[in-house]
$ cat query_3.cif   # mmCIF, C-alpha atoms
data_upload
#
loop_
_atom_site.label_atom_id
_atom_site.label_comp_id
_atom_site.auth_asym_id
_atom_site.auth_seq_id
_atom_site.Cartn_x
_atom_site.Cartn_y
_atom_site.Cartn_z
CA MET W 1 0.00 0.00 0.00
CA PRO W 2 2.64 2.68 0.85
CA ALA W 3 4.56 1.85 -2.35
CA GLU W 4 1.40 2.07 -4.47
CA LEU W 5 0.38 5.32 -2.78
CA LYS W 6 3.81 6.79 -3.46
CA ALA W 7 3.64 5.75 -7.13
CA PHE W 8 0.23 7.40 -7.50
CA CYS W 9 1.48 10.64 -5.90
CA VAL W 10 4.52 10.70 -8.19
CA LYS W 11 2.32 10.26 -11.25
CA ALA W 12 -0.01 13.06 -10.11
CA MET W 13 2.94 15.40 -9.64
CA LEU W 14 4.45 14.56 -13.01
CA ARG W 15 1.07 15.44 -14.57
CA SER W 16 1.32 18.79 -12.77
CA GLY W 17 4.77 19.73 -14.05
CA VAL W 18 6.92 18.61 -11.11
CA THR W 19 10.22 17.06 -12.17
CA GLN W 20 10.66 13.35 -11.57
CA PRO W 21 13.43 13.68 -8.94
CA ASP W 22 11.41 16.27 -7.02
CA ALA W 23 8.22 14.21 -7.26
CA HIS W 24 9.95 11.22 -5.67
CA ILE W 25 11.30 13.37 -2.82
CA ILE W 26 7.89 14.93 -2.12
CA ALA W 27 6.10 11.59 -2.29
CA GLU W 28 8.60 10.05 0.12
CA VAL W 29 8.01 12.87 2.63
CA LEU W 30 4.22 12.67 2.42
CA VAL W 31 3.83 8.88 2.35
CA THR W 32 6.31 8.39 5.21
CA THR W 33 4.22 10.83 7.24
CA ASP W 34 1.12 8.75 6.49
CA THR W 35 2.87 5.56 7.61
CA TRP W 36 3.52 7.23 10.97
CA GLY W 37 -0.23 7.70 11.28
CA VAL W 38 0.06 11.49 10.97
CA PHE W 39 -2.53 11.66 8.20
CA THR W 40 -3.17 15.41 8.63
CA HIS W 41 0.29 16.17 7.21
CA GLY W 42 0.72 13.37 4.69
CA THR W 43 -0.69 12.79 1.22
CA LYS W 44 -3.86 14.67 2.13
CA GLN W 45 -1.84 17.84 1.56
CA LEU W 46 -0.75 17.03 -2.00
CA ARG W 47 -3.89 18.40 -3.67
CA LEU W 48 -3.47 21.83 -2.04
CA LEU W 49 0.26 21.77 -2.70
CA LEU W 50 -0.36 21.31 -6.43
CA GLN W 51 -3.08 23.96 -6.30
CA ASN W 52 -0.42 26.39 -5.06
CA LEU W 53 1.70 25.28 -7.99
CA ARG W 54 -1.05 26.03 -10.51
CA SER W 55 -1.71 29.45 -8.99
CA GLY W 56 1.96 30.47 -9.23
CA ARG W 57 2.62 30.58 -5.51
CA LEU W 58 5.12 27.73 -6.03
CA GLN W 59 7.37 27.04 -9.00
CA ALA W 60 7.85 23.48 -10.21
CA THR W 61 11.27 24.04 -11.75
CA SER W 62 12.78 26.50 -9.25
CA ARG W 63 15.91 25.40 -7.43
CA PRO W 64 16.89 26.55 -3.93
CA GLN W 65 20.10 28.57 -3.79
CA VAL W 66 22.62 29.12 -1.01
CA ALA W 67 22.30 32.84 -0.27
CA ALA W 68 25.02 32.98 2.41
CA GLU W 69 27.05 30.48 4.43
CA GLY W 70 29.85 29.86 6.88
CA PRO W 71 31.53 26.72 8.25
CA ALA W 72 28.62 25.85 10.56
CA TRP W 73 25.66 27.67 9.04
CA ALA W 74 23.90 28.60 5.82
CA ILE W 75 20.85 30.48 4.57
CA LEU W 76 18.96 28.98 1.63
CA ASP W 77 16.76 31.06 -0.65
CA GLY W 78 13.99 28.62 -1.43
CA GLN W 79 12.89 30.65 -4.47
CA TYR W 80 9.42 29.17 -3.97
CA ALA W 81 10.53 25.75 -5.15
CA MET W 82 8.54 22.80 -3.85
CA PRO W 83 8.99 23.22 -0.07
CA MET W 84 9.62 19.54 0.69
CA VAL W 85 12.51 19.55 -1.79
CA THR W 86 13.96 22.73 -0.30
CA SER W 87 13.62 21.38 3.23
CA CYS W 88 15.34 18.08 2.44
CA MET W 89 18.18 19.99 0.77
CA ALA W 90 18.50 22.28 3.80
CA MET W 91 18.59 19.42 6.31
CA GLU W 92 21.14 17.51 4.26
CA LEU W 93 23.31 20.64 4.12
CA ALA W 94 23.09 20.98 7.91
CA ILE W 95 24.15 17.34 8.25
CA GLN W 96 27.14 17.81 5.93
CA LYS W 97 28.31 20.93 7.74
CA ALA W 98 27.89 19.23 11.13
CA LYS W 99 30.29 16.49 10.03
CA SER W 100 33.12 19.04 10.00
CA ALA W 101 31.88 21.67 12.48
CA GLY W 102 30.27 19.41 15.08
CA MET W 103 26.89 21.06 14.74
CA ALA W 104 25.24 23.26 12.13
CA TYR W 105 22.24 25.49 11.43
CA VAL W 106 20.60 25.99 8.03
CA GLY W 107 17.76 28.48 7.63
CA VAL W 108 15.37 28.93 4.71
CA LYS W 109 13.49 31.94 3.36
CA HIS W 110 11.06 32.29 0.42
CA SER W 111 9.34 28.97 1.06
CA SER W 112 5.92 27.60 1.97
CA HIS W 113 4.28 24.82 4.00
CA PHE W 114 6.72 21.91 4.32
CA GLY W 115 4.48 19.22 5.83
CA ALA W 116 5.57 17.34 8.95
CA ALA W 117 8.59 18.84 10.71
CA GLY W 118 9.47 15.44 12.10
CA TYR W 119 10.39 14.03 8.70
CA TYR W 120 13.32 16.44 8.29
CA ALA W 121 14.56 15.97 11.85
CA SER W 122 14.54 12.21 11.23
CA LEU W 123 16.92 12.57 8.27
CA ALA W 124 19.73 13.18 10.75
CA LEU W 125 19.18 9.70 12.19
CA LYS W 126 20.65 8.16 9.03
CA GLN W 127 23.98 9.70 10.05
CA ASP W 128 23.55 8.95 13.77
CA MET W 129 23.07 12.65 14.44
CA ILE W 130 20.56 14.59 16.50
CA GLY W 131 18.25 16.55 14.21
CA LEU W 132 15.95 19.51 14.81
CA SER W 133 13.53 21.20 12.42
CA MET W 134 10.96 23.96 12.75
CA THR W 135 8.94 26.49 10.77
CA ASN W 136 6.84 29.57 11.34
CA THR W 137 3.31 29.64 9.98
CA ASP W 138 0.65 32.27 9.31
CA PRO W 139 -0.89 33.66 12.53
CA CYS W 140 -3.73 31.58 13.93
CA MET W 141 -2.71 31.41 17.59
CA THR W 142 -3.14 34.07 20.25
CA VAL W 143 -0.67 34.92 23.05
CA PRO W 144 -1.41 35.80 26.69
CA GLY W 145 -3.14 39.17 26.88
CA ALA W 146 -3.83 39.50 23.14
CA LYS W 147 -7.30 39.67 21.59
CA GLY W 148 -6.71 37.76 18.35
CA ALA W 149 -4.19 35.74 16.39
CA VAL W 150 -0.58 36.88 16.82
CA LEU W 151 1.70 33.92 16.04
CA GLY W 152 1.44 30.76 14.01
CA THR W 153 1.28 27.31 15.56
CA ASN W 154 5.02 27.18 14.76
CA PRO W 155 5.84 23.45 14.93
CA ILE W 156 9.15 22.10 16.18
CA ALA W 157 10.56 18.57 15.96
CA TYR W 158 13.60 16.67 17.16
CA ALA W 159 15.05 13.23 16.50
CA VAL W 160 17.63 11.42 18.65
CA PRO W 161 19.43 8.21 17.64
CA ALA W 162 19.51 5.24 20.00
CA GLY W 163 21.25 1.87 20.03
CA GLU W 164 19.05 -1.18 20.46
CA GLU W 165 15.98 0.99 21.09
CA ARG W 166 14.03 2.93 18.46
CA PRO W 167 15.06 6.56 17.95
CA ILE W 168 13.26 9.23 19.94
CA LEU W 169 11.15 11.43 17.66
CA LEU W 170 8.93 14.32 18.69
CA ASP W 171 6.94 16.60 16.35
CA ILE W 172 4.61 19.12 17.96
CA ALA W 173 2.80 22.34 17.21
CA THR W 174 3.07 25.01 19.91
CA SER W 175 -0.71 25.42 20.16
CA THR W 176 -2.78 23.40 22.64
CA VAL W 177 -4.48 21.59 19.78
CA ALA W 178 -4.49 21.47 16.00
CA ALA W 179 -7.13 23.54 14.22
CA SER W 180 -8.37 20.36 12.52
CA LYS W 181 -9.71 19.14 15.89
CA VAL W 182 -11.69 22.36 16.31
CA PHE W 183 -13.18 21.91 12.83
CA ALA W 184 -14.03 18.28 13.63
CA ALA W 185 -15.87 19.30 16.81
CA LYS W 186 -17.75 21.96 14.85
CA ALA W 187 -18.82 19.41 12.24
CA LEU W 188 -20.09 17.07 14.97
CA GLY W 189 -21.84 19.85 16.91
CA LYS W 190 -19.74 19.16 20.01
CA GLN W 191 -18.25 21.54 22.55
CA ILE W 192 -14.49 21.76 23.06
CA PRO W 193 -12.29 22.14 26.17
CA ALA W 194 -11.88 25.71 27.39
CA ASP W 195 -8.10 25.71 26.80
CA TRP W 196 -8.30 25.19 23.03
CA LEU W 197 -9.63 28.46 21.73
CA VAL W 198 -10.47 32.12 22.32
CA ASP W 199 -13.37 33.95 20.70
CA ALA W 200 -13.32 37.24 18.77
CA GLU W 201 -12.89 39.17 22.05
CA GLY W 202 -9.98 37.04 23.27
CA ARG W 203 -12.06 35.14 25.82
CA PRO W 204 -11.67 31.36 26.30
CA THR W 205 -14.62 29.54 24.75
CA THR W 206 -15.98 26.01 24.53
CA ASP W 207 -17.91 26.75 21.32
CA PRO W 208 -15.99 25.70 18.16
CA ASN W 209 -18.22 28.03 16.11
CA ASP W 210 -16.28 30.93 17.63
CA TYR W 211 -13.36 29.98 15.36
CA GLU W 212 -13.59 31.09 11.72
CA TYR W 213 -10.12 30.81 10.21
CA PRO W 214 -8.52 33.22 9.48
CA ASP W 215 -10.88 36.02 10.50
CA GLN W 216 -12.36 35.20 13.89
CA GLY W 217 -11.05 33.63 17.07
CA ALA W 218 -7.64 32.06 17.61
CA LEU W 219 -6.05 28.91 18.98
CA LEU W 220 -4.45 29.04 22.42
CA PRO W 221 -0.75 28.26 22.94
CA MET W 222 0.00 25.06 24.83
CA THR W 223 0.49 25.61 28.57
CA GLY W 224 -0.02 29.35 28.24
CA HIS W 225 3.12 31.47 28.39
CA LYS W 226 5.39 28.42 27.95
CA GLY W 227 3.95 27.54 24.55
CA TYR W 228 4.00 31.22 23.63
CA GLY W 229 7.69 31.46 24.47
CA LEU W 230 8.54 28.33 22.47
CA ALA W 231 6.54 29.57 19.46
CA LEU W 232 8.41 32.86 19.62
CA LEU W 233 11.76 31.04 19.60
CA VAL W 234 10.67 29.16 16.46
CA GLU W 235 9.63 32.46 14.87
CA ILE W 236 13.08 33.91 15.56
CA LEU W 237 15.12 30.92 14.36
CA ALA W 238 12.97 30.13 11.31
CA ALA W 239 12.15 33.67 10.17
CA GLY W 240 13.90 36.36 12.20
CA LEU W 241 17.30 34.86 11.41
CA THR W 242 16.57 33.86 7.80
CA GLY W 243 14.91 36.96 6.34
CA ALA W 244 11.55 35.24 5.84
CA MET W 245 8.33 37.02 6.73
CA MET W 246 7.30 37.13 10.37
CA ILE W 247 3.91 37.00 12.13
CA ASN W 248 1.21 38.71 10.03
CA GLY W 249 3.55 39.06 7.06
CA VAL W 250 3.25 35.28 6.50
CA LYS W 251 0.35 34.34 4.23
CA SER W 252 -1.74 31.20 4.55
CA TRP W 253 -0.89 28.47 2.05
CA ILE W 254 -4.40 26.99 2.24
CA VAL W 255 -6.30 30.19 1.37
CA ASP W 256 -7.00 30.76 -2.32
CA SER W 257 -4.74 33.76 -2.97
CA ALA W 258 -1.99 34.96 -5.27
CA ASP W 259 0.09 36.17 -2.30
CA LEU W 260 3.43 34.46 -1.85
CA VAL W 261 3.55 32.66 1.51
CA ASN W 262 7.22 33.31 2.44
CA GLN W 263 7.44 31.05 5.46
CA GLY W 264 10.83 30.43 7.02
CA HIS W 265 12.28 27.11 8.15
CA ALA W 266 15.21 26.19 10.38
CA PHE W 267 17.15 22.93 10.51
CA MET W 268 19.90 21.87 12.89
CA ALA W 269 22.16 18.84 13.11
CA ILE W 270 24.40 17.81 16.00
CA ASP W 271 27.16 15.30 15.26
CA VAL W 272 27.30 13.11 18.36
CA ARG W 273 30.73 11.74 17.41
CA SER W 274 32.23 15.21 17.76
CA ILE W 275 31.21 15.31 21.41
CA MET W 276 31.46 11.73 22.70
CA PRO W 277 31.99 8.25 21.28
CA LEU W 278 28.84 7.21 19.43
CA PRO W 279 28.48 3.80 21.16
CA GLU W 280 28.65 5.51 24.54
CA PHE W 281 25.95 7.98 23.56
CA LYS W 282 23.68 5.28 22.18
CA ASN W 283 24.09 3.21 25.34
CA ARG W 284 23.17 6.23 27.43
CA ILE W 285 20.04 6.92 25.34
CA ASP W 286 19.03 3.25 25.52
CA TRP W 287 19.40 3.41 29.31
CA LEU W 288 17.36 6.62 29.43
CA ILE W 289 14.58 5.13 27.31
CA ARG W 290 14.42 1.97 29.42
CA GLN W 291 14.36 3.89 32.68
CA ILE W 292 11.44 6.01 31.48
CA ARG W 293 9.56 3.07 30.01
CA GLY W 294 10.08 1.06 33.20
CA SER W 295 8.79 3.77 35.51
CA PRO W 296 5.90 2.81 37.82
CA ARG W 297 2.68 3.14 35.82
CA ALA W 298 -0.38 5.06 36.86
CA THR W 299 -3.51 3.13 37.73
CA GLY W 300 -5.16 1.95 34.54
CA ALA W 301 -2.13 2.69 32.32
CA ASN W 302 -0.91 -0.26 30.27
CA ARG W 303 2.24 1.28 28.87
CA ILE W 304 4.57 4.29 28.94
CA PHE W 305 5.45 5.51 25.45
CA LEU W 306 8.57 7.39 24.42
CA PRO W 307 8.08 10.17 21.86
CA GLY W 308 7.90 8.58 18.43
CA GLU W 309 7.43 5.01 19.66
CA ALA W 310 3.82 4.80 18.50
CA GLU W 311 4.75 6.29 15.12
CA TRP W 312 7.56 3.77 14.51
CA GLU W 313 5.20 0.91 15.34
CA LYS W 314 2.53 2.25 12.99
CA ARG W 315 5.13 2.55 10.23
CA ASP W 316 6.27 -1.05 10.76
CA GLN W 317 2.67 -2.20 10.44
CA ALA W 318 1.99 -0.01 7.39
CA LEU W 319 5.03 -1.36 5.54
CA ALA W 320 4.21 -4.96 6.43
CA GLN W 321 0.43 -4.98 6.13
CA GLY W 322 -0.59 -1.74 4.42
CA MET W 323 -2.64 1.04 5.97
CA ARG W 324 -6.21 2.28 5.86
CA LEU W 325 -6.48 5.91 4.78
CA PRO W 326 -8.95 8.06 6.73
CA GLU W 327 -11.98 9.22 4.78
CA ASP W 328 -10.80 12.84 4.50
CA VAL W 329 -7.46 11.70 3.01
CA PHE W 330 -9.24 9.36 0.61
CA VAL W 331 -11.57 12.16 -0.54
CA SER W 332 -8.67 14.59 -1.04
CA LEU W 333 -6.74 12.07 -3.15
CA ALA W 334 -9.85 11.24 -5.17
CA GLU W 335 -10.33 14.94 -5.95
CA LEU W 336 -6.68 15.18 -6.94
CA ALA W 337 -7.06 12.17 -9.25
CA HIS W 338 -9.98 13.88 -10.97
CA GLN W 339 -8.05 17.16 -11.35
CA VAL W 340 -5.01 15.54 -13.00
CA ASP W 341 -7.00 12.96 -15.00
CA LEU W 342 -5.87 9.93 -13.00
CA LYS W 343 -9.29 8.79 -11.86
CA THR W 344 -8.89 5.35 -13.37
CA ASP W 345 -5.48 4.88 -11.77
CA PHE W 346 -6.83 5.97 -8.40
CA GLU W 347 -9.81 3.61 -8.54
CA ALA W 348 -7.60 0.70 -9.53
CA LEU W 349 -5.43 1.23 -6.47
CA PHE W 350 -7.71 2.47 -3.73
CA VAL W 351 -11.39 1.78 -4.47
#
$ encode --input "query_3.cif" --output "structure tokens"
Amino acid sequence: MPAELKAFCVKAMLRSGVTQPDAHIIAEVLVTTDTWGVFTHGTKQLRLLLQNLRSGRLQATSRPQVAAEGPAWAILDGQYAMPMVTSCMAMELAIQKAKSAGMAYVGVKHSSHFGAAGYYASLALKQDMIGLSMTNTDPCMTVPGAKGAVLGTNPIAYAVPAGEERPILLDIATSTVAASKVFAAKALGKQIPADWLVDAEGRPTTDPNDYEYPDQGALLPMTGHKGYGLALLVEILAAGLTGAMMINGVKSWIVDSADLVNQGHAFMAIDVRSIMPLPEFKNRIDWLIRQIRGSPRATGANRIFLPGEAEWEKRDQALAQGMRLPEDVFVSLAELAHQVDLKTDFEALFV
């Protein structure tokens, strides 16, 4: 199933003018994300990504360029190339620089929505490095004391290699909850917890109808001022330091508009070998994982998960047995198949 899904996505992108090498990179990012069970940021996003391509907000044949660099850092001008391609290039550059400098930072400007931050952090695992990735997004989250949206949900991810254990992998937005959960509650006519959302006056609300993206209401940062502070750090590293747009200068990639998005991204790699022997580090991380997993469990809890453990297990199952796409992903891919005249191919694979 993952291989067939990837082949379909590649074919859809080739029909849309994406080059074959780029199509394979993008499909790998999106399908891997689906195999982790993170369907909100996987192949569901391809239809909107190609819509941005048709509208001129992205350029199928653009190539990212190194705008400035030093021994342990670089700034890439994404030139509105396909953002997954730019992001993979940026993370690989950070990894290469970390091999000689010990650790490295690569920032990106003139880009757009790059999907799941965790995918790029995980690329560092192939070189037994620690990886970090993050991006700023268009404002949809409030901050303490503000009336409306100020910052984006500004996701951040990290990946840490282990020895006998699976790598640690965390990918989170800095809001309490994803907007998709608010929309789902609205569709079902259900109330939401009071720490998810503020209304048009900046007051916490349990009514999902108080959120009308992007004009009314705003998501709340996770754990109040702590999530706010972390989102601000992402804004600085991904946009303040790269030259990308910040806060309300960033445009939404999902709104039908001719405005260029100009999100910024940041990627970091830490070469463990430069700091301590790799086997020693891996043994220490294995010990850490086992100590956490073996902690006394709360009443009713069957298991203690490490960040990423559930995703690795879902990927193992998806590769071995296939995966069932949620209805919203299925519908989005069916619409894409119709748009690029691949309806027959889609039905043969997924119906």
$ residues_around --input "query_3.cif" --residues "Pro64 (chain W)" --least-positions-apart "5" --cutoff "6 Å" --atoms "all atoms listed in the file" --output "list in words"
Asp77, Gly78 and Gln79 of chain W
$ residues_around --input "query_3.cif" --residues "Leu53 (chain W)" --least-positions-apart "2" --cutoff "12 Å" --atoms "all atoms listed in the file" --output "PDB file with C-alpha atoms, in the coordinates of the input"
ATOM      1  CA  MET W  13       2.940  15.400  -9.640  1.00  0.00           C
ATOM      2  CA  ARG W  15       1.070  15.440 -14.570  1.00  0.00           C
ATOM      3  CA  SER W  16       1.320  18.790 -12.770  1.00  0.00           C
ATOM      4  CA  GLY W  17       4.770  19.730 -14.050  1.00  0.00           C
ATOM      5  CA  VAL W  18       6.920  18.610 -11.110  1.00  0.00           C
ATOM      6  CA  LEU W  46      -0.750  17.030  -2.000  1.00  0.00           C
ATOM      7  CA  ARG W  47      -3.890  18.400  -3.670  1.00  0.00           C
ATOM      8  CA  LEU W  48      -3.470  21.830  -2.040  1.00  0.00           C
ATOM      9  CA  LEU W  49       0.260  21.770  -2.700  1.00  0.00           C
ATOM     10  CA  LEU W  50      -0.360  21.310  -6.430  1.00  0.00           C
ATOM     11  CA  GLN W  51      -3.080  23.960  -6.300  1.00  0.00           C
ATOM     12  CA  SER W  55      -1.710  29.450  -8.990  1.00  0.00           C
ATOM     13  CA  GLY W  56       1.960  30.470  -9.230  1.00  0.00           C
ATOM     14  CA  ARG W  57       2.620  30.580  -5.510  1.00  0.00           C
ATOM     15  CA  LEU W  58       5.120  27.730  -6.030  1.00  0.00           C
ATOM     16  CA  GLN W  59       7.370  27.040  -9.000  1.00  0.00           C
ATOM     17  CA  ALA W  60       7.850  23.480 -10.210  1.00  0.00           C
ATOM     18  CA  THR W  61      11.270  24.040 -11.750  1.00  0.00           C
ATOM     19  CA  SER W  62      12.780  26.500  -9.250  1.00  0.00           C
ATOM     20  CA  TYR W  80       9.420  29.170  -3.970  1.00  0.00           C
ATOM     21  CA  ALA W  81      10.530  25.750  -5.150  1.00  0.00           C
ATOM     22  CA  MET W  82       8.540  22.800  -3.850  1.00  0.00           C
ATOM     23  CA  PRO W  83       8.990  23.220  -0.070  1.00  0.00           C
ATOM     24  CA  SER W 112       5.920  27.600   1.970  1.00  0.00           C
ATOM     25  CA  TRP W 253      -0.890  28.470   2.050  1.00  0.00           C
ATOM     26  CA  ASP W 256      -7.000  30.760  -2.320  1.00  0.00           C
ATOM     27  CA  SER W 257      -4.740  33.760  -2.970  1.00  0.00           C
ATOM     28  CA  ALA W 258      -1.990  34.960  -5.270  1.00  0.00           C
ATOM     29  CA  LEU W 260       3.430  34.460  -1.850  1.00  0.00           C
TER      30      LEU W 260
END
$ resolve_selection --input "query_3.cif" --expression "the PyMOL selection byres ((chain W and resi 40) around 12)" --output "CSV table (one decimal) with C-alpha atoms, in the frame of the given file"
chain,number,residue,atom,x,y,z
W,30,LEU,CA,4.2,12.7,2.4
W,31,VAL,CA,3.8,8.9,2.4
W,33,THR,CA,4.2,10.8,7.2
W,34,ASP,CA,1.1,8.8,6.5
W,35,THR,CA,2.9,5.6,7.6
W,36,TRP,CA,3.5,7.2,11.0
W,37,GLY,CA,-0.2,7.7,11.3
W,38,VAL,CA,0.1,11.5,11.0
W,39,PHE,CA,-2.5,11.7,8.2
W,41,HIS,CA,0.3,16.2,7.2
W,42,GLY,CA,0.7,13.4,4.7
W,43,THR,CA,-0.7,12.8,1.2
W,44,LYS,CA,-3.9,14.7,2.1
W,45,GLN,CA,-1.8,17.8,1.6
W,46,LEU,CA,-0.8,17.0,-2.0
W,115,GLY,CA,4.5,19.2,5.8
W,116,ALA,CA,5.6,17.3,9.0
W,178,ALA,CA,-4.5,21.5,16.0
W,179,ALA,CA,-7.1,23.5,14.2
W,180,SER,CA,-8.4,20.4,12.5
W,181,LYS,CA,-9.7,19.1,15.9
W,325,LEU,CA,-6.5,5.9,4.8
W,326,PRO,CA,-9.0,8.1,6.7
W,327,GLU,CA,-12.0,9.2,4.8
W,328,ASP,CA,-10.8,12.8,4.5
W,329,VAL,CA,-7.5,11.7,3.0
W,330,PHE,CA,-9.2,9.4,0.6
W,332,SER,CA,-8.7,14.6,-1.0
$ closest_residue --input "query_3.cif" --among "W:Gly70, W:Gly264, W:Pro204, W:Gly217" --to "Val234 (chain W)" --atoms "all atoms listed in the file"
W:Gly264
$ atom_distance --input "query_3.cif" --atom1 "CA of Pro144 (chain W)" --atom2 "CA of Ala218 (chain W)"
11.6 Å
$ residues_around --input "query_3.cif" --residues "Gly224 (chain W)" --least-positions-apart "3" --cutoff "8 Å" --atoms "all atoms listed in the file" --output "ChimeraX atom specification"
/W:143-144,220-221,227-228
$ write_last_selection --input "query_3.cif" --atoms "C-alpha atoms" --output "mmCIF file, keeping the file's coordinate frame"
data_model
loop_
_atom_site.group_PDB
_atom_site.id
_atom_site.type_symbol
_atom_site.label_atom_id
_atom_site.label_comp_id
_atom_site.auth_asym_id
_atom_site.auth_seq_id
_atom_site.Cartn_x
_atom_site.Cartn_y
_atom_site.Cartn_z
ATOM 1 C CA VAL W 143 -0.670 34.920 23.050
ATOM 2 C CA PRO W 144 -1.410 35.800 26.690
ATOM 3 C CA LEU W 220 -4.450 29.040 22.420
ATOM 4 C CA PRO W 221 -0.750 28.260 22.940
ATOM 5 C CA GLY W 227 3.950 27.540 24.550
ATOM 6 C CA TYR W 228 4.000 31.220 23.630
#
$ resolve_selection --input "query_3.cif" --expression "the PyMOL selection byres ((chain W and resi 215) around 12)" --output "list in words"
Pro139, Cys140, Met141, Gly148, Ala149, Asp199, Ala200, Asp210, Tyr211, Glu212, Tyr213, Pro214, Gln216, Gly217, Ala218, Ser252 and Val255 of chain W
$ write_last_selection --input "query_3.cif" --atoms "C-alpha atoms" --output "PDB file, keeping the file's coordinate frame"
ATOM      1  CA  PRO W 139      -0.890  33.660  12.530  1.00  0.00           C
ATOM      2  CA  CYS W 140      -3.730  31.580  13.930  1.00  0.00           C
ATOM      3  CA  MET W 141      -2.710  31.410  17.590  1.00  0.00           C
ATOM      4  CA  GLY W 148      -6.710  37.760  18.350  1.00  0.00           C
ATOM      5  CA  ALA W 149      -4.190  35.740  16.390  1.00  0.00           C
ATOM      6  CA  ASP W 199     -13.370  33.950  20.700  1.00  0.00           C
ATOM      7  CA  ALA W 200     -13.320  37.240  18.770  1.00  0.00           C
ATOM      8  CA  ASP W 210     -16.280  30.930  17.630  1.00  0.00           C
ATOM      9  CA  TYR W 211     -13.360  29.980  15.360  1.00  0.00           C
ATOM     10  CA  GLU W 212     -13.590  31.090  11.720  1.00  0.00           C
ATOM     11  CA  TYR W 213     -10.120  30.810  10.210  1.00  0.00           C
ATOM     12  CA  PRO W 214      -8.520  33.220   9.480  1.00  0.00           C
ATOM     13  CA  GLN W 216     -12.360  35.200  13.890  1.00  0.00           C
ATOM     14  CA  GLY W 217     -11.050  33.630  17.070  1.00  0.00           C
ATOM     15  CA  ALA W 218      -7.640  32.060  17.610  1.00  0.00           C
ATOM     16  CA  SER W 252      -1.740  31.200   4.550  1.00  0.00           C
ATOM     17  CA  VAL W 255      -6.300  30.190   1.370  1.00  0.00           C
TER      18      VAL W 255
END
$ resolve_selection --input "query_3.cif" --expression "the PyMOL selection byres ((chain W and resi 274) around 12)" --output "PyMOL selection string"
chain W and resi 98-103+128-130+269-273+275-278+281
$ write_last_selection --input "query_3.cif" --atoms "C-alpha atoms" --output "PDB file, in the frame of the given file"
ATOM      1  CA  ALA W  98      27.890  19.230  11.130  1.00  0.00           C
ATOM      2  CA  LYS W  99      30.290  16.490  10.030  1.00  0.00           C
ATOM      3  CA  SER W 100      33.120  19.040  10.000  1.00  0.00           C
ATOM      4  CA  ALA W 101      31.880  21.670  12.480  1.00  0.00           C
ATOM      5  CA  GLY W 102      30.270  19.410  15.080  1.00  0.00           C
ATOM      6  CA  MET W 103      26.890  21.060  14.740  1.00  0.00           C
ATOM      7  CA  ASP W 128      23.550   8.950  13.770  1.00  0.00           C
ATOM      8  CA  MET W 129      23.070  12.650  14.440  1.00  0.00           C
ATOM      9  CA  ILE W 130      20.560  14.590  16.500  1.00  0.00           C
ATOM     10  CA  ALA W 269      22.160  18.840  13.110  1.00  0.00           C
ATOM     11  CA  ILE W 270      24.400  17.810  16.000  1.00  0.00           C
ATOM     12  CA  ASP W 271      27.160  15.300  15.260  1.00  0.00           C
ATOM     13  CA  VAL W 272      27.300  13.110  18.360  1.00  0.00           C
ATOM     14  CA  ARG W 273      30.730  11.740  17.410  1.00  0.00           C
ATOM     15  CA  ILE W 275      31.210  15.310  21.410  1.00  0.00           C
ATOM     16  CA  MET W 276      31.460  11.730  22.700  1.00  0.00           C
ATOM     17  CA  PRO W 277      31.990   8.250  21.280  1.00  0.00           C
ATOM     18  CA  LEU W 278      28.840   7.210  19.430  1.00  0.00           C
ATOM     19  CA  PHE W 281      25.950   7.980  23.560  1.00  0.00           C
TER      20      PHE W 281
END
$ residues_near_point --input "query_3.cif" --point "(-13.4, 18.9, 21.7)" --cutoff "12 Å" --atoms "all atoms listed in the file" --output "list in words"
Thr176, Val177, Ala178, Ala179, Ser180, Lys181, Val182, Phe183, Ala184, Ala185, Lys186, Ala187, Leu188, Gly189, Lys190, Gln191, Ile192, Pro193, Ala194, Asp195, Trp196, Leu197, Thr205, Thr206, Asp207, Pro208 and Asn209 of chain W
$ residues_around --input "query_3.cif" --residues "Leu125 (chain W)" --least-positions-apart "6" --cutoff "7 Å" --atoms "all atoms listed in the file" --output "VMD selection string"
chain W and resid 159 to 161
$ atom_distance --input "query_3.cif" --atom1 "CA of Ala117 (chain W)" --atom2 "CA of Phe350 (chain W)"
27.2 Å
$ residues_around --input "query_3.cif" --residues "Gln20 (chain W)" --least-positions-apart "6" --cutoff "10 Å" --atoms "all atoms listed in the file" --output "PyMOL selection string"
chain W and resi 10-11+13-14+26
$ write_last_selection --input "query_3.cif" --atoms "C-alpha atoms" --output "tab-separated table (two decimals), keeping the file's coordinate frame"
chain	number	residue	atom	x	y	z
W	10	VAL	CA	4.52	10.70	-8.19
W	11	LYS	CA	2.32	10.26	-11.25
W	13	MET	CA	2.94	15.40	-9.64
W	14	LEU	CA	4.45	14.56	-13.01
W	26	ILE	CA	7.89	14.93	-2.12
$ atom_distance --input "query_3.cif" --atom1 "CA of Val250 (chain W)" --atom2 "CA of Asp138 (chain W)"
4.9 Å
$ closest_residue --input "query_3.cif" --among "W:Met222, W:Ala74, W:Cys9, W:Ala310" --to "Leu170 (chain W)" --atoms "all atoms listed in the file"
W:Ala310
$ closest_residue --input "query_3.cif" --among "W:Ile95, W:Leu237, W:Leu349, W:Leu132" --to "Pro71 (chain W)" --atoms "only C-alpha atoms"
W:Ile95
